[in-house]
file final_14.cif (mmCIF, C-alpha atoms and all ligand atoms)
data_protein
#
loop_
_atom_site.label_atom_id
_atom_site.label_comp_id
_atom_site.auth_asym_id
_atom_site.auth_seq_id
_atom_site.Cartn_x
_atom_site.Cartn_y
_atom_site.Cartn_z
CA MET A 1 -10.38 -2.91 -45.17
CA VAL A 2 -12.12 -0.03 -46.94
CA LYS A 3 -10.06 3.11 -46.35
CA VAL A 4 -11.60 6.58 -46.42
CA LEU A 5 -9.67 9.88 -46.42
CA PHE A 6 -11.51 13.18 -45.95
CA VAL A 7 -9.72 16.25 -47.31
CA CYS A 8 -10.17 20.01 -46.88
CA LEU A 9 -7.83 23.00 -47.08
CA GLY A 10 -6.53 23.27 -43.51
CA ASN A 11 -7.52 19.92 -41.93
CA ILE A 12 -8.71 21.81 -38.86
CA CYS A 13 -12.40 22.50 -39.65
CA ARG A 14 -14.33 20.46 -42.21
CA SER A 15 -12.34 17.27 -42.74
CA PRO A 16 -11.72 16.61 -39.01
CA THR A 17 -15.48 17.03 -38.50
CA ALA A 18 -16.12 14.54 -41.31
CA GLU A 19 -13.57 12.13 -39.81
CA GLY A 20 -15.15 12.32 -36.35
CA VAL A 21 -18.75 12.04 -37.54
CA PHE A 22 -18.11 9.26 -40.05
CA ARG A 23 -16.01 7.26 -37.55
CA THR A 24 -18.86 7.42 -35.05
CA ILE A 25 -21.41 6.30 -37.66
CA VAL A 26 -19.10 3.43 -38.65
CA GLU A 27 -18.67 2.41 -34.99
CA ASP A 28 -22.42 2.56 -34.39
CA ALA A 29 -22.92 0.30 -37.42
CA GLY A 30 -20.42 -2.20 -35.96
CA LEU A 31 -18.12 -1.78 -38.97
CA SER A 32 -14.95 -0.40 -37.34
CA ASP A 33 -12.97 -3.50 -38.25
CA VAL A 34 -13.76 -3.14 -41.98
CA ILE A 35 -13.80 0.63 -42.56
CA SER A 36 -10.91 2.93 -41.57
CA VAL A 37 -11.20 6.73 -41.47
CA ASP A 38 -8.59 9.49 -41.70
CA SER A 39 -8.38 13.15 -42.77
CA ALA A 40 -5.79 15.54 -44.21
CA GLY A 41 -5.36 19.03 -45.65
CA THR A 42 -4.25 20.07 -49.11
CA SER A 43 -2.22 22.82 -47.40
CA GLY A 44 0.45 22.37 -44.73
CA TRP A 45 -0.61 25.49 -42.84
CA HIS A 46 -1.87 23.76 -39.71
CA ILE A 47 0.23 20.59 -39.51
CA GLY A 48 0.14 19.21 -35.95
CA ASP A 49 -2.73 21.45 -34.83
CA PRO A 50 -5.90 20.13 -33.15
CA PRO A 51 -9.26 20.87 -34.80
CA ASP A 52 -10.54 24.47 -34.50
CA SER A 53 -12.01 24.92 -31.01
CA ARG A 54 -15.32 26.17 -32.47
CA GLY A 55 -15.58 22.97 -34.49
CA GLN A 56 -14.68 20.80 -31.51
CA GLN A 57 -17.36 22.50 -29.44
CA ALA A 58 -20.07 22.19 -32.09
CA ALA A 59 -19.18 18.53 -32.64
CA ALA A 60 -19.14 17.77 -28.90
CA GLY A 61 -22.66 19.21 -28.71
CA ARG A 62 -23.76 16.36 -30.98
CA GLY A 63 -21.68 13.71 -29.24
CA TYR A 64 -18.59 13.64 -31.48
CA ASP A 65 -15.14 13.91 -29.86
CA LEU A 66 -12.57 15.47 -32.22
CA SER A 67 -10.00 16.29 -29.53
CA ALA A 68 -7.43 13.59 -30.34
CA GLN A 69 -7.10 14.57 -34.00
CA ARG A 70 -4.04 16.45 -35.33
CA ALA A 71 -3.76 18.05 -38.75
CA ARG A 72 -1.56 16.57 -41.44
CA GLN A 73 -1.05 17.33 -45.12
CA VAL A 74 -2.10 15.06 -47.98
CA ALA A 75 0.89 12.92 -49.05
CA ALA A 76 1.62 11.33 -52.43
CA ASN A 77 1.22 7.80 -51.05
CA ASP A 78 -2.32 8.60 -49.86
CA PHE A 79 -3.34 8.14 -53.48
CA ASP A 80 -2.18 4.49 -53.29
CA THR A 81 -3.43 3.79 -49.78
CA PHE A 82 -7.03 4.97 -49.79
CA ASP A 83 -10.14 3.61 -51.53
CA TYR A 84 -12.04 6.88 -51.16
CA ILE A 85 -10.47 10.35 -51.18
CA ILE A 86 -13.24 12.83 -50.49
CA GLY A 87 -12.93 16.62 -50.81
CA MET A 88 -15.25 19.24 -49.38
CA ASP A 89 -15.27 21.82 -52.18
CA SER A 90 -14.17 22.29 -55.77
CA ARG A 91 -10.90 23.93 -54.72
CA ASN A 92 -10.03 20.79 -52.74
CA LEU A 93 -10.79 18.65 -55.79
CA ALA A 94 -8.66 20.81 -58.07
CA ASP A 95 -5.77 20.77 -55.58
CA LEU A 96 -6.05 16.99 -55.15
CA SER A 97 -5.97 16.52 -58.93
CA SER A 98 -2.74 18.46 -59.17
CA MET A 99 -1.20 16.56 -56.22
CA ALA A 100 -2.09 13.08 -57.52
CA PRO A 101 0.83 11.08 -58.91
CA PRO A 102 0.33 10.43 -62.65
CA ALA A 103 -0.21 6.68 -62.14
CA SER A 104 -2.80 7.17 -59.42
CA ARG A 105 -6.15 5.58 -60.12
CA VAL A 106 -8.10 6.32 -56.93
CA LYS A 107 -11.29 8.21 -57.60
CA VAL A 108 -11.52 11.57 -55.88
CA SER A 109 -15.10 12.45 -54.90
CA MET A 110 -16.94 15.50 -53.67
CA PHE A 111 -18.44 14.70 -50.25
CA LEU A 112 -21.92 16.07 -50.98
CA GLN A 113 -22.28 13.72 -53.95
CA PHE A 114 -23.35 11.32 -51.21
CA ALA A 115 -26.09 13.69 -49.99
CA PRO A 116 -27.99 14.87 -53.08
CA GLU A 117 -31.01 15.61 -50.86
CA THR A 118 -29.17 18.61 -49.37
CA GLY A 119 -29.29 20.39 -52.74
CA GLN A 120 -25.75 21.68 -52.07
CA ARG A 121 -22.56 20.85 -53.91
CA GLU A 122 -19.90 22.03 -51.47
CA VAL A 123 -19.32 22.01 -47.71
CA PRO A 124 -18.66 25.74 -47.13
CA ASP A 125 -15.46 26.74 -45.36
CA PRO A 126 -16.47 27.93 -41.84
CA TYR A 127 -13.02 29.23 -40.86
CA TYR A 128 -13.63 32.95 -41.34
CA GLY A 129 -17.29 32.96 -40.31
CA GLY A 130 -19.23 32.70 -37.05
CA ASP A 131 -20.02 29.69 -34.87
CA ASP A 132 -23.19 28.86 -36.81
CA GLY A 133 -20.99 27.94 -39.78
CA PHE A 134 -19.81 24.90 -37.84
CA ASP A 135 -23.36 23.73 -37.20
CA ALA A 136 -24.09 24.06 -40.92
CA VAL A 137 -20.99 21.94 -41.61
CA LEU A 138 -22.22 19.31 -39.16
CA ASP A 139 -25.65 19.13 -40.82
CA LEU A 140 -24.07 18.53 -44.24
CA VAL A 141 -21.43 16.14 -42.90
CA GLU A 142 -24.00 14.01 -41.05
CA ALA A 143 -26.15 13.71 -44.19
CA ALA A 144 -23.22 12.86 -46.47
CA SER A 145 -21.77 10.39 -43.96
CA ARG A 146 -24.98 8.37 -44.04
CA GLY A 147 -24.89 8.38 -47.85
CA LEU A 148 -21.22 7.41 -47.92
CA LEU A 149 -21.83 4.44 -45.62
CA GLU A 150 -24.59 3.26 -47.96
CA ASP A 151 -22.24 3.63 -50.95
CA ILE A 152 -19.56 1.54 -49.19
CA ARG A 153 -22.10 -1.11 -48.23
CA THR A 154 -23.31 -1.32 -51.85
CA ARG A 155 -19.90 -1.42 -53.49
CA HIS A 156 -17.61 -3.13 -50.99
CA LEU A 157 -19.41 -5.06 -48.23
P1 LIG A 201 -10.74 23.80 -43.35
O1 LIG A 201 -10.84 25.36 -42.99
O2 LIG A 201 -10.16 23.73 -44.74
O3 LIG A 201 -12.15 23.32 -43.29
O4 LIG A 201 -9.84 23.18 -42.30
C1 LIG A 201 -9.76 26.24 -43.05
C2 LIG A 201 -8.85 26.26 -42.03
C3 LIG A 201 -7.80 27.17 -42.08
C4 LIG A 201 -7.68 28.03 -43.15
C5 LIG A 201 -8.60 27.99 -44.18
C6 LIG A 201 -9.64 27.08 -44.14
N1 LIG A 201 -6.63 28.99 -43.18
O5 LIG A 201 -6.65 29.87 -44.07
O6 LIG A 201 -5.72 28.92 -42.34
#
call {"tool": "encode", "arguments": {"input": "final_14.cif", "output": "structure tokens"}}
result
Amino acid sequence: MVKVLFVCLGNICRSPTAEGVFRTIVEDAGLSDVISVDSAGTSGWHIGDPPDSRGQQAAAGRGYDLSAQRARQVAANDFDTFDYIIGMDSRNLADLSSMAPPASRVKVSMFLQFAPETGQREVPDPYYGGDDGFDAVLDLVEAASRGLLEDIRTRHL
């Protein structure tokens, strides 16, 4: 099993979107039994909360159902469990580096590394902006999800 964990700050906007989109792409590729998908937040601010309703609505408009997801915080054992830990912005990466146990060897990646064609480095936080921020997140997440699946196919399958 190849295990993927998407991480953002709150686990209610960007990483649940990534989880929902990437899970759908994995299912459509017939790879659900070899790739598992999860998400978490570096903060504990929204533990137990469903994804932001604006994000759920934008995702539903493209056929992704995020409604069953609930926020959790990154845990120390995630660094042993997952093959890919993928942050959305440089703050997530810095926070993950400081949370990683010293012996941890999992590589932490920036999600948009898998979508160089977007010309962007970070998935911008849509929390304090308008609804169009969630559509911009979806565009970036869909592009990077396709790139991530190709990376997994190349390295692991
Ligand atoms: P996320 O967005 O990291 O994409 O889930 C945020 C959600 C909540 C907050 C910040 C960012 N907050 O400050 O509560």
call {"tool": "atom_distance", "arguments": {"input": "final_14.cif", "atom1": "atom CA of Ala75 of chain A", "atom2": "atom CA of Ser43 of chain A"}}
result
10.5 Å
call {"tool": "residues_around", "arguments": {"input": "final_14.cif", "residues": "Val4 of chain A", "least_positions_apart": "5", "cutoff": "12 Å", "atoms": "all atoms listed in the file", "output": "ChimeraX atom specification"}}
result
/A:15,18-19,22-23,26,32,34-40,78-87,106-109,111,145,148-149,151-152
call {"tool": "residues_around", "arguments": {"input": "final_14.cif", "residues": "segment 131-144 of chain A", "least_positions_apart": "6", "cutoff": "6 Å", "atoms": "all atoms listed in the file", "output": "list of chain:residue names"}}
result
A:Ala18, A:Gly55, A:Leu112, A:Phe114, A:Ala115
call {"tool": "residues_near_ligand", "arguments": {"input": "final_14.cif", "ligand": "ligand LIG 201 (chain A)", "cutoff": "6 Å", "atoms": "only C-alpha atoms and all ligand atoms", "output": "PyMOL selection string"}}
result
chain A and resi 8-14+125+127
call {"tool": "closest_residue", "arguments": {"input": "final_14.cif", "among": "A:Gly63, A:Thr17, A:Val2, A:Met110", "to": "Arg155 of chain A", "atoms": "all atoms listed in the file"}}
result
A:Val2
call {"tool": "closest_residue", "arguments": {"input": "final_14.cif", "among": "A:Gln57, A:Pro102, A:Leu5, A:Gly147", "to": "Thr118 of chain A", "atoms": "all atoms listed in the file"}}
result
A:Gly147
call {"tool": "closest_residue", "arguments": {"input": "final_14.cif", "among": "A:Gly41, A:Thr24, A:Gly130, A:Arg54", "to": "Leu93 of chain A", "atoms": "all atoms listed in the file"}}
result
A:Gly41
call {"tool": "closest_residue", "arguments": {"input": "final_14.cif", "among": "A:Ala60, A:Ala94, A:Met88, A:Val74", "to": "Trp45 of chain A", "atoms": "all atoms listed in the file"}}
result
A:Val74
call {"tool": "closest_residue", "arguments": {"input": "final_14.cif", "among": "A:Leu96, A:Pro51, A:Asn77, A:Leu66", "to": "Val7 of chain A", "atoms": "all atoms listed in the file"}}
result
A:Leu96
call {"tool": "closest_residue", "arguments": {"input": "final_14.cif", "among": "A:Tyr64, A:Ala71, A:Pro116, A:Leu31", "to": "Asp52 of chain A", "atoms": "all atoms listed in the file"}}
result
A:Ala71
call {"tool": "atom_distance", "arguments": {"input": "final_14.cif", "atom1": "atom CA of Gln120 of chain A", "atom2": "atom CA of Gly61 of chain A"}}
result
23.7 Å
call {"tool": "axis_aligned_box", "arguments": {"input": "final_14.cif", "around": "segment 5-11 of chain A", "padding_each_side": "3 Å", "output": "lines of an AutoDock Vina configuration file"}}
result
center_x = -9.0
center_y = 16.6
center_z = -44.6
size_x = 11.0
size_y = 19.4
size_z = 11.4
